[in-house]
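**Q** data-v1.cif is reproduced in full below (mmCIF, C-alpha atoms and all ligand atoms).
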```
data_query
#
loop_
_atom_site.label_atom_id
_atom_site.label_comp_id
_atom_site.auth_asym_id
_atom_site.auth_seq_id
_atom_site.Cartn_x
_atom_site.Cartn_y
_atom_site.Cartn_z
CA MET A 1 15.38 9.35 37.51
CA PRO A 2 17.29 8.55 34.30
CA SER A 3 18.96 5.14 34.38
CA SER A 4 22.62 5.55 35.33
CA ALA A 5 24.35 3.27 32.80
CA PRO A 6 23.80 3.50 29.04
CA THR A 7 21.83 0.52 27.83
CA SER A 8 22.41 0.94 24.11
CA GLY A 9 19.92 -0.67 21.82
CA GLU A 10 17.65 -1.94 24.56
CA LEU A 11 14.02 -1.84 23.48
CA ALA A 12 11.34 -0.15 25.54
CA LEU A 13 7.62 0.25 24.95
CA VAL A 14 5.42 3.23 25.78
CA GLY A 15 1.79 2.25 26.31
CA ALA A 16 0.84 -0.96 28.13
CA GLY A 17 -2.07 -1.92 25.90
CA SER A 18 -2.36 -4.75 23.38
CA LEU A 19 0.82 -4.05 21.43
CA GLY A 20 2.90 -2.74 24.34
CA GLN A 21 2.20 -5.80 26.48
CA ALA A 22 2.62 -8.18 23.53
CA PHE A 23 6.03 -6.83 22.48
CA ALA A 24 7.25 -6.41 26.06
CA GLY A 25 6.06 -9.87 27.08
CA LEU A 26 7.72 -11.59 24.13
CA LEU A 27 11.00 -9.69 24.62
CA ALA A 28 11.08 -10.57 28.33
CA ARG A 29 10.27 -14.21 27.65
CA SER A 30 13.43 -14.39 25.54
CA GLY A 31 15.49 -13.16 28.51
CA GLN A 32 16.07 -9.66 27.14
CA PRO A 33 15.74 -6.58 29.33
CA VAL A 34 12.61 -4.60 28.51
CA THR A 35 10.92 -1.58 30.06
CA LEU A 36 7.21 -0.87 29.65
CA LEU A 37 5.93 2.63 30.41
CA ALA A 38 2.29 2.50 31.49
CA THR A 39 -0.29 5.01 32.68
CA PRO A 40 -0.61 5.01 36.49
CA GLY A 41 -3.92 3.09 36.40
CA THR A 42 -2.65 0.33 34.15
CA LEU A 43 0.64 0.18 36.08
CA GLY A 44 -1.36 -0.50 39.23
CA ARG A 45 -3.41 -3.21 37.53
CA LEU A 46 -0.29 -4.89 36.10
CA ARG A 47 1.42 -4.84 39.50
CA ASN A 48 -1.67 -6.32 41.17
CA ALA A 49 -1.93 -9.05 38.53
CA GLY A 50 1.83 -9.70 38.79
CA THR A 51 2.05 -11.03 35.23
CA ILE A 52 1.49 -10.13 31.62
CA ARG A 53 -0.61 -12.84 29.99
CA LEU A 54 -0.65 -13.36 26.23
CA ARG A 55 -3.14 -15.85 24.76
CA GLY A 56 -4.02 -17.02 21.25
CA VAL A 57 -1.29 -17.93 18.77
CA VAL A 58 1.15 -17.76 21.73
CA THR A 59 0.68 -18.63 25.39
CA VAL A 60 3.01 -16.52 27.48
CA ASP A 61 2.96 -15.61 31.18
CA VAL A 62 5.71 -13.18 32.15
CA PRO A 63 6.12 -11.64 35.60
CA VAL A 64 6.29 -7.87 35.92
CA ALA A 65 8.74 -6.09 38.21
CA ARG A 66 9.58 -2.50 39.01
CA ALA A 67 11.77 -1.15 36.16
CA PRO A 68 14.52 -2.00 35.52
CA GLY A 69 13.34 -5.56 36.08
CA PRO A 70 15.59 -8.64 36.28
CA ALA A 71 15.94 -10.96 33.26
CA GLY A 72 12.74 -12.83 32.48
CA THR A 73 10.52 -9.99 33.74
CA VAL A 74 8.96 -6.92 32.15
CA GLY A 75 10.20 -3.86 34.01
CA VAL A 76 7.12 -1.66 34.44
CA THR A 77 6.97 1.99 35.37
CA ASP A 78 4.91 5.15 34.97
CA ASP A 79 8.03 7.35 35.01
CA PRO A 80 9.50 8.12 31.55
CA GLY A 81 12.81 8.81 33.33
CA ASP A 82 13.11 5.02 33.83
CA LEU A 83 13.33 4.40 30.06
CA PRO A 84 16.77 3.02 29.13
CA ARG A 85 19.43 5.57 28.25
CA GLY A 86 20.61 5.13 24.67
CA GLY A 87 17.81 2.67 24.03
CA ALA A 88 15.03 2.50 21.47
CA VAL A 89 11.58 3.63 22.53
CA LEU A 90 8.66 2.19 20.59
CA PHE A 91 5.43 4.10 21.12
CA ALA A 92 2.36 1.87 21.36
CA THR A 93 -0.25 4.38 22.49
CA LYS A 94 -3.25 5.22 20.37
CA GLY A 95 -2.57 7.93 17.82
CA HIS A 96 -4.63 10.49 19.74
CA HIS A 97 -2.42 9.99 22.83
CA LEU A 98 0.88 10.01 20.98
CA ARG A 99 1.75 13.71 21.14
CA GLU A 100 1.20 13.90 24.89
CA ALA A 101 3.08 10.64 25.55
CA ALA A 102 5.97 11.69 23.30
CA ALA A 103 6.26 15.09 25.01
CA ALA A 104 6.35 13.42 28.44
CA VAL A 105 9.10 11.04 27.27
CA ARG A 106 11.05 13.85 25.61
CA ALA A 107 11.03 15.83 28.86
CA ALA A 108 12.30 13.02 31.11
CA TRP A 109 14.16 10.41 29.06
CA ALA A 110 17.95 10.51 28.75
CA GLY A 111 17.98 9.20 25.19
CA GLY A 112 21.51 10.41 24.54
CA ASP A 113 23.08 10.34 21.08
CA GLU A 114 22.09 6.74 20.43
CA GLY A 115 18.51 6.80 21.61
CA TRP A 116 15.83 6.62 18.92
CA VAL A 117 12.07 6.35 18.69
CA GLY A 118 9.52 4.59 16.52
CA GLY A 119 5.73 4.60 16.39
CA LEU A 120 3.57 1.49 15.97
CA GLN A 121 0.37 3.49 15.43
CA ASN A 122 -1.84 3.09 12.43
CA GLY A 123 -1.97 6.00 10.01
CA MET A 124 0.66 8.23 8.46
CA ALA A 125 0.50 11.01 11.09
CA LYS A 126 2.61 9.35 13.81
CA ASP A 127 6.04 9.83 12.24
CA ASP A 128 5.39 13.55 11.76
CA VAL A 129 4.38 13.83 15.42
CA LEU A 130 7.51 11.97 16.57
CA ALA A 131 9.74 14.06 14.28
CA GLN A 132 8.24 17.28 15.68
CA VAL A 133 8.91 16.14 19.25
CA PHE A 134 12.26 14.30 18.93
CA GLY A 135 13.69 15.62 15.63
CA THR A 136 13.72 13.85 12.28
CA GLU A 137 17.01 12.04 12.87
CA ALA A 138 15.71 10.31 15.98
CA VAL A 139 12.79 8.64 14.18
CA VAL A 140 12.94 5.15 12.70
CA GLY A 141 9.99 4.10 10.53
CA ALA A 142 8.00 1.26 12.07
CA VAL A 143 5.00 -0.78 10.98
CA THR A 144 3.46 -3.78 12.68
CA ILE A 145 0.66 -6.09 11.74
CA LEU A 146 0.82 -8.07 14.97
CA GLY A 147 -2.84 -8.48 15.90
CA GLY A 148 -3.70 -8.08 19.59
CA GLU A 149 -6.71 -7.17 21.69
CA ARG A 150 -7.08 -6.35 25.38
CA ARG A 151 -9.57 -8.62 27.12
CA PRO A 152 -11.66 -7.43 30.10
CA GLU A 153 -9.94 -10.07 32.30
CA GLY A 154 -6.62 -8.34 31.58
CA GLU A 155 -5.07 -10.83 29.21
CA ILE A 156 -4.00 -9.89 25.67
CA ALA A 157 -5.55 -12.02 22.92
CA ILE A 158 -3.07 -12.44 20.07
CA ALA A 159 -4.67 -13.37 16.74
CA SER A 160 -1.40 -13.21 14.80
CA LEU A 161 2.23 -12.27 15.33
CA GLY A 162 2.05 -10.82 11.80
CA CYS A 163 5.23 -9.10 10.83
CA THR A 164 6.96 -5.96 12.08
CA TYR A 165 8.92 -3.77 9.67
CA LEU A 166 11.63 -1.28 10.62
CA GLY A 167 13.65 1.09 8.45
CA GLU A 168 15.20 4.52 8.20
CA MET A 169 12.74 7.12 6.89
CA GLY A 170 14.79 8.31 3.91
CA ALA A 171 14.94 5.99 0.90
CA GLY A 172 18.22 4.99 2.58
CA PRO A 173 20.96 2.48 1.85
CA ALA A 174 20.12 -1.05 0.73
CA GLU A 175 21.44 -2.45 4.04
CA PRO A 176 19.67 -1.61 7.30
CA SER A 177 21.42 1.00 9.45
CA PRO A 178 23.24 -0.33 12.54
CA ARG A 179 20.45 0.81 14.88
CA VAL A 180 17.78 -0.84 12.74
CA ALA A 181 19.86 -4.03 12.41
CA ALA A 182 20.32 -4.15 16.20
CA ALA A 183 16.59 -3.75 16.83
CA ILE A 184 15.79 -6.41 14.25
CA ALA A 185 18.18 -8.83 15.96
CA ARG A 186 16.50 -8.18 19.32
CA LEU A 187 12.99 -8.69 17.97
CA ARG A 188 14.03 -11.82 16.09
CA ALA A 189 15.59 -13.23 19.27
CA ALA A 190 12.17 -12.73 20.86
CA ALA A 191 10.52 -14.79 18.07
CA ILE A 192 8.72 -11.69 16.78
CA PRO A 193 8.64 -11.89 12.96
CA VAL A 194 10.48 -8.83 11.66
CA GLU A 195 11.84 -7.47 8.39
CA ALA A 196 13.96 -4.54 7.18
CA PRO A 197 12.45 -3.57 3.81
CA PRO A 198 14.51 -1.52 1.32
CA ASP A 199 12.14 1.45 1.74
CA ILE A 200 9.99 1.60 4.88
CA ARG A 201 7.83 4.32 3.29
CA THR A 202 6.47 1.75 0.85
CA VAL A 203 5.42 -0.45 3.78
CA LEU A 204 3.97 2.52 5.67
CA TRP A 205 1.82 3.55 2.72
CA SER A 206 0.83 -0.04 1.87
CA LYS A 207 -0.26 -0.61 5.46
CA ALA A 208 -2.13 2.72 5.31
CA CYS A 209 -3.99 1.48 2.20
CA ASN A 210 -4.99 -1.70 3.98
CA ALA A 211 -5.94 0.13 7.17
CA ALA A 212 -8.10 2.61 5.25
CA GLY A 213 -9.93 -0.28 3.56
CA VAL A 214 -10.29 -2.53 6.60
CA PHE A 215 -11.14 0.21 9.11
CA GLY A 216 -13.33 2.05 6.63
CA VAL A 217 -15.52 -0.99 6.03
CA THR A 218 -15.42 -2.89 9.33
CA SER A 219 -15.66 0.10 11.69
CA VAL A 220 -18.57 1.72 9.90
CA LEU A 221 -20.38 -1.66 9.84
CA ARG A 222 -18.93 -2.89 13.21
CA ILE A 223 -18.08 -6.29 11.71
CA SER A 224 -15.10 -8.63 12.03
CA THR A 225 -12.31 -8.55 9.46
CA PRO A 226 -13.04 -12.11 8.18
CA ARG A 227 -16.67 -11.04 7.61
CA LEU A 228 -15.42 -8.29 5.27
CA PHE A 229 -13.26 -10.67 3.26
CA ARG A 230 -16.07 -13.22 2.86
CA ASP A 231 -18.37 -10.72 1.13
CA PRO A 232 -17.78 -9.64 -2.51
CA HIS A 233 -19.68 -6.36 -2.01
CA LEU A 234 -17.60 -5.42 0.99
CA ILE A 235 -14.37 -6.44 -0.75
CA ARG A 236 -15.28 -3.96 -3.52
CA ALA A 237 -15.83 -1.23 -0.91
CA TYR A 238 -12.45 -2.15 0.67
CA LEU A 239 -10.71 -1.94 -2.72
CA GLY A 240 -12.19 1.49 -3.43
CA LEU A 241 -10.57 2.84 -0.26
CA VAL A 242 -7.30 1.02 -1.01
CA ARG A 243 -7.13 2.57 -4.49
CA GLU A 244 -7.77 6.10 -3.22
CA THR A 245 -5.05 5.76 -0.58
CA ALA A 246 -2.59 4.28 -3.08
CA ALA A 247 -3.25 7.29 -5.36
CA ILE A 248 -2.21 9.62 -2.51
CA ALA A 249 0.95 7.55 -1.97
CA ALA A 250 1.76 7.74 -5.68
CA ALA A 251 1.30 11.52 -5.63
CA HIS A 252 3.83 11.60 -2.77
CA GLY A 253 6.26 9.60 -4.93
CA VAL A 254 5.90 6.34 -2.98
CA PRO A 255 4.90 3.15 -4.81
CA VAL A 256 2.87 0.58 -2.88
CA GLY A 257 4.15 -2.96 -2.46
CA ASP A 258 3.10 -6.55 -1.83
CA TYR A 259 3.36 -7.87 1.73
CA THR A 260 1.99 -10.95 3.46
CA ASN A 261 -1.74 -10.40 4.03
CA PHE A 262 -1.68 -6.96 2.37
CA PRO A 263 -0.51 -7.38 -1.24
CA ILE A 264 -1.52 -3.83 -2.12
CA ARG A 265 0.44 -3.51 -5.36
CA THR A 266 -1.41 -6.56 -6.70
CA TYR A 267 -4.76 -5.14 -5.55
CA VAL A 268 -4.26 -1.84 -7.37
CA THR A 269 -2.82 -3.29 -10.56
CA ARG A 270 -5.22 -6.14 -11.39
CA PRO A 271 -8.95 -5.82 -12.06
CA ASP A 272 -11.01 -5.68 -8.85
CA GLU A 273 -13.08 -8.73 -9.82
CA GLU A 274 -9.91 -10.88 -9.81
CA THR A 275 -9.18 -9.71 -6.28
CA VAL A 276 -12.79 -10.31 -5.24
CA ALA A 277 -12.56 -13.89 -6.52
CA ALA A 278 -9.14 -14.49 -4.93
CA LEU A 279 -10.00 -13.02 -1.52
CA SER A 280 -13.34 -14.81 -1.26
CA GLN A 281 -11.42 -18.11 -1.48
CA LYS A 282 -8.96 -17.32 1.29
CA ALA A 283 -9.12 -18.79 4.77
CA PHE A 284 -6.17 -16.89 6.24
CA LEU A 285 -8.31 -15.10 8.81
CA ALA A 286 -10.49 -18.07 9.77
CA PRO A 287 -10.62 -18.77 13.54
CA ALA A 288 -8.51 -21.91 13.06
CA ALA A 289 -5.67 -19.73 11.77
CA THR A 290 -5.83 -17.21 14.62
CA GLY A 291 -5.62 -19.38 17.72
CA GLY A 292 -9.42 -19.19 18.05
CA VAL A 293 -9.42 -15.38 18.30
CA GLU A 294 -12.16 -13.67 16.26
CA SER A 295 -10.25 -10.91 14.59
CA PHE A 296 -11.60 -7.36 14.82
CA ALA A 297 -9.52 -4.47 13.52
CA SER A 298 -8.27 -2.22 16.31
CA MET A 299 -10.52 0.71 15.34
CA THR A 300 -13.51 -1.63 15.23
CA GLN A 301 -12.57 -3.01 18.66
CA ASP A 302 -12.52 0.53 20.04
CA LEU A 303 -15.89 1.48 18.53
CA ARG A 304 -17.51 -1.71 19.85
CA ALA A 305 -16.10 -0.97 23.30
CA GLY A 306 -17.32 2.66 23.24
CA ARG A 307 -13.76 4.06 23.22
CA ALA A 308 -12.52 7.03 21.19
CA ILE A 309 -11.24 5.98 17.76
CA GLU A 310 -8.26 7.06 15.66
CA VAL A 311 -10.41 8.62 12.96
CA ASP A 312 -8.36 11.81 12.73
CA ASP A 313 -4.97 10.03 12.81
CA VAL A 314 -6.04 7.70 10.00
CA PHE A 315 -8.82 9.20 7.87
CA ALA A 316 -8.67 12.96 8.43
CA ASP A 317 -4.91 12.79 7.95
CA LEU A 318 -5.27 10.88 4.65
CA VAL A 319 -7.91 13.34 3.41
CA GLU A 320 -5.57 16.24 4.18
CA ARG A 321 -2.63 14.53 2.48
CA GLY A 322 -4.78 13.83 -0.57
CA GLU A 323 -6.12 17.37 -0.77
CA ARG A 324 -2.59 18.81 -0.43
CA VAL A 325 -1.47 17.01 -3.59
CA GLY A 326 -4.72 17.39 -5.52
CA VAL A 327 -5.89 13.76 -5.34
CA ALA A 328 -9.66 13.29 -5.19
CA VAL A 329 -10.59 11.35 -2.03
CA PRO A 330 -14.41 11.22 -1.86
CA ARG A 331 -14.55 7.74 -0.28
CA LEU A 332 -12.02 8.58 2.41
CA ARG A 333 -13.84 11.81 3.18
CA LEU A 334 -17.18 10.00 3.47
CA VAL A 335 -15.69 7.41 5.82
CA ARG A 336 -14.01 10.16 7.86
CA ASP A 337 -17.39 11.85 8.32
CA PHE A 338 -19.26 8.61 9.14
CA LEU A 339 -16.63 7.68 11.70
CA ARG A 340 -16.50 11.12 13.26
CA GLY A 341 -20.27 10.78 13.64
CA LEU A 342 -19.80 7.43 15.41
CA ASP A 343 -16.71 8.36 17.44
CA PRO A 344 -17.33 8.93 21.15
CA GLY A 345 -14.32 11.28 20.97
CA HIS A 346 -16.14 13.56 18.47
CA GLN A 347 -19.55 13.86 20.10
CA PRO A 348 -20.82 17.42 20.48
CA SER A 349 -20.83 18.42 24.16
N1 LIG A 401 -3.83 -3.91 18.48
C1 LIG A 401 -3.44 -4.21 17.25
O1 LIG A 401 -3.66 -5.32 16.78
C2 LIG A 401 -2.68 -3.20 16.43
C3 LIG A 401 -1.99 -3.63 15.29
C4 LIG A 401 -1.26 -2.69 14.55
C5 LIG A 401 -1.25 -1.36 14.93
N2 LIG A 401 -1.97 -0.98 16.03
C6 LIG A 401 -1.91 0.43 16.40
O2 LIG A 401 -1.06 0.52 17.52
C7 LIG A 401 -1.52 1.55 18.41
C8 LIG A 401 -1.76 0.93 19.78
O3 LIG A 401 -2.81 0.00 19.65
P1 LIG A 401 -3.26 -0.94 20.85
O4 LIG A 401 -4.31 -1.84 20.31
O5 LIG A 401 -2.09 -1.54 21.53
O6 LIG A 401 -3.93 0.16 21.83
P2 LIG A 401 -4.38 -0.01 23.34
O7 LIG A 401 -4.58 -1.43 23.68
O8 LIG A 401 -5.50 0.95 23.56
O9 LIG A 401 -3.10 0.51 24.15
C9 LIG A 401 -2.69 1.84 24.18
C10 LIG A 401 -1.99 2.04 25.51
O10 LIG A 401 -1.39 3.33 25.55
C11 LIG A 401 -1.53 3.79 26.88
N3 LIG A 401 -1.27 5.22 26.97
C12 LIG A 401 -2.04 6.26 26.57
N4 LIG A 401 -1.42 7.43 26.84
C13 LIG A 401 -0.24 7.11 27.43
C14 LIG A 401 0.83 7.88 27.96
N5 LIG A 401 0.81 9.22 27.94
N6 LIG A 401 1.88 7.22 28.50
C15 LIG A 401 1.91 5.88 28.55
N7 LIG A 401 0.91 5.09 28.07
C16 LIG A 401 -0.14 5.71 27.52
C17 LIG A 401 -2.94 3.38 27.24
O11 LIG A 401 -3.14 3.50 28.63
P3 LIG A 401 -4.39 2.86 29.41
O12 LIG A 401 -3.96 1.45 29.71
O13 LIG A 401 -4.54 3.70 30.62
O14 LIG A 401 -5.57 2.90 28.49
C18 LIG A 401 -2.94 1.96 26.72
O15 LIG A 401 -2.41 1.05 27.66
C19 LIG A 401 -2.75 2.13 17.75
O16 LIG A 401 -2.39 3.23 16.98
C20 LIG A 401 -3.23 1.03 16.83
O17 LIG A 401 -3.93 1.53 15.70
C21 LIG A 401 -2.67 -1.86 16.79
#
```
Can you present the structure in this file as structure tokens?

**A**
Amino acid sequence: MPSSAPTSGELALVGAGSLGQAFAGLLARSGQPVTLLATPGTLGRLRNAGTIRLRGVVTVDVPVARAPGPAGTVGVTDDPGDLPRGGAVLFATKGHHLREAAAAVRAAWAGGDEGWVGGLQNGMAKDDVLAQVFGTEAVVGAVTILGGERRPEGEIAIASLGCTYLGEMGAGPAEPSPRVAAAIARLRAAAIPVEAPPDIRTVLWSKACNAAGVFGVTSVLRISTPRLFRDPHLIRAYLGLVRETAAIAAAHGVPVGDYTNFPIRTYVTRPDEETVAALSQKAFLAPAATGGVESFASMTQDLRAGRAIEVDDVFADLVERGERVGVAVPRLRLVRDFLRGLDPGHQPS
């Protein structure tokens, strides 16, 4: 059933995995109302456990309650009709589950005129999927580098709160739109680092460059992210993928930028050997800086756990975007094919 009263601006999460639980738990801890839409199996597990547990750079235990939950709880449900009317729905499913999840929400959610959606997925495909399902105007660009991982015991290991970026998809005005400003205020009140960049497309493409490099190297080799950045050979492989992705962005008219932990503009403008020297010195991903969590990229986590990976949402999509604008993408294509060969979701039946 749709909620009866409009709850403008309230944030809700779809997908009760690493990111969904992390965002919902932090919002609830700050006393804000938050709804988390889970699959029936995970809803049952969350109800049995009674709490969402975040560990690592934060230690948070938040009770769950049937949505809409009282203040200080995460309201959990498996019914998209329980999502707040006029609220903001952030999708935190894997890319390969996004279309189905979005269609289910579209069919049951009373978003109203003020409701909007954003996608936290890696890759450039998610905003097209959301625009096809909800319409272009309903989509706010979103990027997060919060680092989380589901543990078998049910807790979410948080290696970093990173930063979350929100912005309207057009080049847009210099100031954030009212709906983006409201969401930023809510996330900030939950102690989630957040920014409204002048052009979210620059962040989206810069994150895509980093994801192509990190996933491309660490997933194929099944190694941790710090292991990549300790090895000059692997840093060179990373930079090759970053440069190819940045060339696609440029052909789409979007310049890459410099952001904390992914200064992509610097990487593509200075000689690679300077970046190799600079990155080899860095300790930003050492266990001491991540609350003791050994940091594996999400695609690498999935491969190690035998789960389907987002190879099509990230690599096949980039290859297609490159080919459409005539940019040569041999590295991305090679990684796409390696990863399809490793992906349990692509095994011949
Ligand atoms: N984790 C990170 O550090 C991180 C950082 C930045 C970006 N990302 C991106 O964010 C996305 C989510 O990553 P994640 O690590 O949070 O994934 P995850 O832990 O696998 O969580 C995905 C969740 O979505 C749920 N789901 C699938 N279909 C659904 C549906 N139709 N309705 C409701 N829920 C549904 C899954 O259900 P089940 O519980 O039944 O499996 C699962 O709980 C990915 O695209 C990832 O690349 C992740």

**Q** Mind checking which residues fall within 9 Å of segment 33-43 of chain A, counting all atoms listed in the file, ignoring those fewer than 4 positions away in the same chain, and posting them as an MDAnalysis selection string?

**A** chainID A and resid 10:17 20:21 24:25 27:28 47:48 67:80 82:84

**Q** Show me which residues line ligand LIG 401 (chain A), defined as having an atom within 7 Å of a ligand atom where only C-alpha atoms and all ligand atoms count, and present them as a ChimeraX atom specification.

**A** /A:14-20,37-39,41-42,92-95,97-98,100-101,104,120-122,144-150,297-299

**Q** Let me make sure I understand: among A:Asp343, A:Glu320, A:Asp337, A:Glu155, which one has the smallest atom-to-atom distance to Gly306 of chain A if we use all atoms listed in the file?

**A**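 Smallest distance to Gly306 of chain A is found for A:Asp343.
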
**Q** Would you mind listing what lies within 12 Å of Arg179 of chain A as a CSV table (one decimal) with C-alpha atoms, in the frame of the given file, with all atoms listed in the file counted and same-chain residues fewer than 3 positions away left out?

**A**
```csv
chain,number,residue,atom,x,y,z
A,8,SER,CA,22.4,0.9,24.1
A,9,GLY,CA,19.9,-0.7,21.8
A,10,GLU,CA,17.6,-1.9,24.6
A,11,LEU,CA,14.0,-1.8,23.5
A,86,GLY,CA,20.6,5.1,24.7
A,87,GLY,CA,17.8,2.7,24.0
A,88,ALA,CA,15.0,2.5,21.5
A,113,ASP,CA,23.1,10.3,21.1
A,114,GLU,CA,22.1,6.7,20.4
A,115,GLY,CA,18.5,6.8,21.6
A,116,TRP,CA,15.8,6.6,18.9
A,117,VAL,CA,12.1,6.4,18.7
A,118,GLY,CA,9.5,4.6,16.5
A,137,GLU,CA,17.0,12.0,12.9
A,138,ALA,CA,15.7,10.3,16.0
A,139,VAL,CA,12.8,8.6,14.2
A,140,VAL,CA,12.9,5.2,12.7
A,141,GLY,CA,10.0,4.1,10.5
A,166,LEU,CA,11.6,-1.3,10.6
A,167,GLY,CA,13.6,1.1,8.4
A,168,GLU,CA,15.2,4.5,8.2
A,175,GLU,CA,21.4,-2.4,4.0
A,176,PRO,CA,19.7,-1.6,7.3
A,182,ALA,CA,20.3,-4.2,16.2
A,183,ALA,CA,16.6,-3.8,16.8
A,184,ILE,CA,15.8,-6.4,14.2
A,185,ALA,CA,18.2,-8.8,16.0
A,186,ARG,CA,16.5,-8.2,19.3
A,196,ALA,CA,14.0,-4.5,7.2
```

**Q** Within 8 Å of Val311 of chain A, counting all atoms listed in the file, which residues qualify if same-chain residues fewer than 2 places away don't, as a PyMOL selection string?

**A** chain A and resi 309+313-316+336+339-340+343

**Q** Which value, in Å to one decimal, gives the distance between atom CA of Leu228 of chain A and atom CA of Asp302 of chain A?

**A**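 Computing it gives 17.4 Å between the two atoms.
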
**Q** Grab the atom CA of Gly345 of chain A to atom CA of Asp317 of chain A distance for me, in Å with one decimal place.

**A**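 Straight-line distance from atom CA of Gly345 of chain A to atom CA of Asp317 of chain A works out to 16.1 Å.
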
**Q** For each of A:Ser295, A:Asn261, A:Thr245, A:Ser160, take the minimum atom-to-atom distance to Cys209 of chain A, counting all atoms listed in the file, then give the residue where this is smallest.

**A** A:Thr245

**Q** Distance cut-off 9 Å, centre (-15.0, 3.7, 5.5) in file coordinates, counting only C-alpha atoms: which residues qualify? Return them as a list in words.

**A**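 The distance filter leaves exactly Ala212, Gly213, Val214, Phe215, Gly216, Val217, Thr218, Ser219, Val220, Leu221, Ala237, Tyr238, Leu241, Phe315, Arg331, Leu332, Arg333, Leu334, Val335, Arg336, Asp337, Phe338 and Leu339 of chain A.
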
**Q** Could you pull the residues within 7 Å of Asp61 of chain A, counting all atoms listed in the file, minus those fewer than 6 positions along the same chain, as a PyMOL selection string?

**A** chain A and resi 51-54

**Q** Suppose you want the space between atom CA of Arg236 of chain A and atom CA of Leu279 of chain A; what is it in Å?

**A**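 Atom CA of Arg236 of chain A sits 10.7 Å away from atom CA of Leu279 of chain A.
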
**Q** Which residue, A:Leu46, A:Leu130, A:Leu342, A:Leu303, has the smallest gap to Arg66 of chain A when you use only C-alpha atoms?

**A**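 Checking each candidate against Arg66 of chain A, we get A:Leu46 as the closest.
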
**Q** For a quick check of understanding, using only C-alpha atoms, which of A:Val254, A:Ala277, A:Ala49, A:Ala328 has the smallest distance to Glu153 of chain A?

**A**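 Counting only C-alpha atoms, the residue closest to Glu153 of chain A is A:Ala49.
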
**Q** Which of these residues is nearest to Ala191 of chain A, using only C-alpha atoms: A:Ile235, A:Leu204, A:Ala308, A:Ala22?

**A**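 The answer is A:Ala22, which sits nearest to Ala191 of chain A.
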
**Q** So that I can see what lies close to Gly253 of chain A, please list as a list in words the residues with an atom at most 12 Å from it, counting only C-alpha atoms and leaving out residues fewer than 3 positions away in the same chain.

**A**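 After dropping sequence-adjacent residues, the list is Ala171, Arg201, Thr202, Trp205, Ala246, Ala247, Ile248, Ala249, Ala250, Val256 and Val325 of chain A.
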
**Q** With C-alpha atoms retained, export the selected residues as a PDB file, in the coordinates of the input.

**A**
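Just written: out31.pdb:
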```
ATOM      1  CA  ALA A 171      14.940   5.990   0.900  1.00  0.00           C
ATOM      2  CA  ARG A 201       7.830   4.320   3.290  1.00  0.00           C
ATOM      3  CA  THR A 202       6.470   1.750   0.850  1.00  0.00           C
ATOM      4  CA  TRP A 205       1.820   3.550   2.720  1.00  0.00           C
ATOM      5  CA  ALA A 246      -2.590   4.280  -3.080  1.00  0.00           C
ATOM      6  CA  ALA A 247      -3.250   7.290  -5.360  1.00  0.00           C
ATOM      7  CA  ILE A 248      -2.210   9.620  -2.510  1.00  0.00           C
ATOM      8  CA  ALA A 249       0.950   7.550  -1.970  1.00  0.00           C
ATOM      9  CA  ALA A 250       1.760   7.740  -5.680  1.00  0.00           C
ATOM     10  CA  VAL A 256       2.870   0.580  -2.880  1.00  0.00           C
ATOM     11  CA  VAL A 325      -1.470  17.010  -3.590  1.00  0.00           C
TER      12      VAL A 325
END
```

**Q** When distances are computed from all atoms listed in the file, which of A:Leu90, A:Leu239, A:Cys163, A:Val133 shows the smallest separation from Arg106 of chain A?

**A**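 So, comparing all the options, the nearest one is A:Val133.
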